[in-house]
Amino acid sequence: MTAVYRGHIFHVAGSPTIADAASNLVSLPDGALVVGDDGTIAWIGSFAELPRAFAGADVERTDYIIPGFVDAHLHYAQVFATAAHSGGQLLEWLQQCIFPMESRFEDEGFSDYAARYFTRRRIAAGTTAAMVFGSAFPTAQDALYRHTRDAGLRIVSGRGVQTTGPAASATLQTSEATAVRLVAEEIERWHAVDTGDPTTAQIQVAVVPRFALSVTRETLAALGELYADVRESGVYFHSHLNENNRPVDGEIAAVKATFGVDHYLDTYDGLFMPGSARGGQSLLGRRSVLAHAVHCHDDELARMAETGASIAHCPTSQLFLGSGTMPWRRTLNAGVTVALGSDIGAGDEWLISRVLGDCYKVHISEEGSAGVALHPAELLFTGTLAGARALDMEDRFGNFDVGKDADFLLIDTSLWEPLEAMLSHGVRSDDEASATFEELFTLLMGLRQPAIAGVFVQGARAVAPNLD
């Protein structure tokens with residue numbers, strides 16, 4: 001039935017670029033969000049102006065209402081690996097911590113428990129939509145999709161493809177033929193299973209090689225052929241790019257040495273033969289999301305912008321692994337959509353607003369003219385609408401434009417005393433517009449999971465699975 005949610009509403013309206021986020025910020029101190037019985041937004045505005053047609057609807061009051069967070073990159077099979085110490089950077093961490101952890105997901109009982117736990121953590125953090133790097137094991141993926149669907153959340157996921165790698169990853173590896181078969185079967189079994197239409201589905205599938213070093217040229221060629229067959233049905237592509245730039249033995253150096261390519265991105269663009277010669281079809285496009293992109297060449301950024309591929313920026317995990325800082329101004333100026341990823345488990349923050357806090361800190365600390373203090377509206381945009389855009393679902397969610405699906409969070413400040421205190425007693429500008437921006441910034445930076453009182457997707461409250 002139609003319902004009204006009353007509180008201070010913040011969202012970035014329309015379809016702006018990040019440069020226009022501030023001018024498109026909507027702040028309704030006593031707002032009303034009307035959700036129709038079809039789960040879409042029927043009306044938004046000041047509660048005092050609520051149309052008579054909705055006067056009889058139930059009203060639920062809260063302190064703040066914001067769009068649901070979109071996490072553009074996190075790992076299901078690393079759900080128990082946050083804060084895992086390896087004493088090293090990316091490649092050491094993978095071998096010592098991650099490959100052994102992910103191998104445990106072969107056990108069906110363990111992976112089912114992990115899927116339930118993962119889903120509970122998403123709800124607690126208000127992550128209504130997510131691009132999830134999956135497990136190598138089909139039964140684990142089945143559990144993830146099943147519990148996500150039952151909880152009422154949105155997901156794009158795909159099994160992590162590995163056909164080569166160190167001994168520590170042996171359990172996760174398959175042959176090229178098996179890898180392609182398993183991906184095809186996952187697409188057949190789960191892609192848009194809930195509605196049959198990828199433009200409306202909450203359950204969707206991606207082709208997901210772990211990263212270039214986890215696959216061979218033969219694998220990339222085969223995945224390119226598969227993706228060419230399923231691209232038009234809305235299947236996604238997801239992987240990692242330019243995360244670690246340690247000289248000689250780092251990720252980027254190893255990719256270039258292994259494939260003989262000019263740029264890391266070439267391996268995903270079908271240019272994986274020596275000298276970046278074409279060896280297969282490109283995996284890039286408007287439903288392609290590449291995590292990290294910390295150390296991109298200008299040519300790579302231009303190619304991503306040209307193809308419509310997006311970046312999942314993961315500042316928290318980049319700090320944890322010493323990967324460096326994605327250059328904010330240079331990346332955005334290239335015209336690439338930049339969404340935000342928690343990167344659980346190198347990232348140890350589930351809550352996207354906490355990741356936004358790290359985003360603010362690392363970019364204000366960039367050297368010289370590269371440094372930028374991100375505007376509060378730009379932060380909200382990056383954690384919501386930019387994520388929807390990266391997932392090519394901006395027409396369905398990401399803000400509160402009338403007609404979109406009602407994906408939103410209810411925030412009760414009384415549930416987290418420090419947040420309530422900061423919002424109630426913090427210093428505000430005498431200028432109304434500046435005071436609004438300051439309030440939004442405090443809300444985002446001070447928000448913690450206990451204050452999230454309701455998580456809704458398409459107008460329905462998400463239901464966390466039991467762990468028993």
# chains A, B, ... in the order shown; residues from 1 in each chain; ligands from 1
>>> closest_atom_pairs(of="segment 352-458 of chain A", to="segment 232-242 of chain A", cutoff="12 Å", atoms="only C-alpha atoms", output="tab-separated table")
residue	atom	partner	partner_atom	distance
A:Ala390	CA	A:Tyr236	CA	10.5
A:Leu391	CA	A:Tyr236	CA	8.3
A:Asp392	CA	A:Gly234	CA	9.3
A:Met393	CA	A:Gly234	CA	10.7
>>> select_by_dssp(residues="segment 362-426 of chain A", states="strand (DSSP E or B)", output="PyMOL selection string")
chain A and resi 405+408-411
>>> closest_residue(among="A:Glu349, A:Glu176, A:Glu394, A:Asp431", to="Val215 of chain A", atoms="only C-alpha atoms")
A:Glu176
>>> select_by_dssp(residues="segment 209-383 of chain A", states="helix (DSSP H, G or I)", output="number ranges by chain")
A: 212-214, 217-233, 251-259, 264-268, 274-276, 298-307, 315-320, 328-333, 352-364, 368-370, 376-383
>>> atom_distance(atom1="atom CA of Ala451 of chain A", atom2="atom CA of Ile65 of chain A")
11.6 Å
>>> closest_atom_pairs(of="segment 194-281 of chain A", to="segment 164-175 of chain A", cutoff="8 Å", atoms="only C-alpha atoms", output="tab-separated table")
residue	atom	partner	partner_atom	distance
A:Leu213	CA	A:Gly165	CA	6.9
A:Ser214	CA	A:Thr164	CA	5.2
A:Val215	CA	A:Thr164	CA	5.4
A:Thr216	CA	A:Thr164	CA	6.8
>>> write_last_selection(atoms="N, CA and C atoms", output="PDB file, in the first residue's frame")
ATOM      1  N   LEU A 213      46.365 -11.353 -14.032  1.00  0.00           N
ATOM      2  CA  LEU A 213      47.340 -12.374 -13.656  1.00  0.00           C
ATOM      3  C   LEU A 213      46.700 -13.699 -13.270  1.00  0.00           C
ATOM      4  N   SER A 214      45.381 -13.742 -13.155  1.00  0.00           N
ATOM      5  CA  SER A 214      44.702 -14.984 -12.777  1.00  0.00           C
ATOM      6  C   SER A 214      44.190 -15.759 -13.975  1.00  0.00           C
ATOM      7  N   VAL A 215      44.412 -15.221 -15.189  1.00  0.00           N
ATOM      8  CA  VAL A 215      43.903 -15.875 -16.393  1.00  0.00           C
ATOM      9  C   VAL A 215      44.979 -15.864 -17.478  1.00  0.00           C
ATOM     10  N   THR A 216      44.770 -16.688 -18.483  1.00  0.00           N
ATOM     11  CA  THR A 216      45.688 -16.768 -19.615  1.00  0.00           C
ATOM     12  C   THR A 216      45.098 -16.037 -20.814  1.00  0.00           C
TER      13      THR A 216
END
>>> closest_residue(among="A:Ala84, A:Ile123, A:Val230, A:Leu321", to="Glu185 of chain A", atoms="only C-alpha atoms")
A:Val230
>>> atom_distance(atom1="atom CA of Ala435 of chain A", atom2="atom CA of Leu351 of chain A")
24.5 Å
>>> atom_distance(atom1="atom CA of Ala460 of chain A", atom2="atom CA of Leu419 of chain A")
26.1 Å
>>> closest_residue(among="A:Ser429, A:Asn466, A:Thr325, A:Thr267", to="Ser365 of chain A", atoms="only C-alpha atoms")
A:Thr325
>>> closest_atom_pairs(of="segment 245-310 of chain A", to="segment 326-346 of chain A", cutoff="9 Å", atoms="only C-alpha atoms", output="tab-separated table")
residue	atom	partner	partner_atom	distance
A:Ala291	CA	A:Gly341	CA	7.7
A:His292	CA	A:Met326	CA	7.4
A:Ala293	CA	A:Met326	CA	6.6
A:Val294	CA	A:Met326	CA	4.0
A:His295	CA	A:Met326	CA	6.7
A:Cys296	CA	A:Met326	CA	8.4
A:Asp298	CA	A:Ala334	CA	7.9
A:Leu301	CA	A:Ala334	CA	6.1
A:Ala302	CA	A:Ala334	CA	6.1
A:Met304	CA	A:Val336	CA	6.5
A:Ala305	CA	A:Val336	CA	4.8
A:Glu306	CA	A:Val336	CA	8.5
A:Gly308	CA	A:Val336	CA	7.4
A:Ala309	CA	A:Val336	CA	7.3
A:Ser310	CA	A:Thr337	CA	5.0
>>> residues_around(residues="segment 104-119 of chain A", least_positions_apart="4", cutoff="6 Å", atoms="only C-alpha atoms", output="VMD selection string")
chain A and resid 137 140 143 to 144 465
>>> residues_around(residues="Leu271 of chain A", least_positions_apart="4", cutoff="12 Å", atoms="only C-alpha atoms", output="JSON, numbers by chain")
{"A": [212, 217, 220, 221, 224, 256, 259, 260, 261, 262, 263, 264, 265, 266, 267, 275, 276, 277, 278, 279, 280, 281, 282, 283, 284]}
>>> write_last_selection(atoms="C-alpha atoms", output="mmCIF file, in the first residue's frame")
data_model
loop_
_atom_site.group_PDB
_atom_site.id
_atom_site.type_symbol
_atom_site.label_atom_id
_atom_site.label_comp_id
_atom_site.auth_asym_id
_atom_site.auth_seq_id
_atom_site.Cartn_x
_atom_site.Cartn_y
_atom_site.Cartn_z
ATOM 1 C CA ALA A 212 44.785 -10.275 -15.553
ATOM 2 C CA ARG A 217 45.364 -15.337 -23.098
ATOM 3 C CA LEU A 220 40.584 -13.926 -22.034
ATOM 4 C CA ALA A 221 39.790 -14.902 -25.620
ATOM 5 C CA GLY A 224 35.488 -12.331 -24.783
ATOM 6 C CA LYS A 256 52.942 -6.000 -18.507
ATOM 7 C CA PHE A 259 51.329 -10.312 -21.519
ATOM 8 C CA GLY A 260 53.836 -7.980 -23.164
ATOM 9 C CA VAL A 261 51.217 -5.220 -23.376
ATOM 10 C CA ASP A 262 51.563 -1.459 -23.321
ATOM 11 C CA HIS A 263 48.855 -0.937 -20.713
ATOM 12 C CA TYR A 264 47.105 -3.129 -18.146
ATOM 13 C CA LEU A 265 43.702 -2.178 -19.572
ATOM 14 C CA ASP A 266 44.669 -3.716 -22.911
ATOM 15 C CA THR A 267 44.245 -7.205 -21.445
ATOM 16 C CA GLY A 275 52.765 -5.420 -28.292
ATOM 17 C CA SER A 276 49.075 -5.000 -27.400
ATOM 18 C CA ALA A 277 48.035 -6.732 -30.603
ATOM 19 C CA ARG A 278 44.442 -7.868 -30.813
ATOM 20 C CA GLY A 279 43.820 -11.403 -29.643
ATOM 21 C CA GLY A 280 40.080 -11.374 -28.981
ATOM 22 C CA GLN A 281 36.993 -9.296 -28.333
ATOM 23 C CA SER A 282 36.843 -6.428 -25.862
ATOM 24 C CA LEU A 283 35.211 -6.860 -22.468
ATOM 25 C CA LEU A 284 34.764 -3.103 -22.016
#
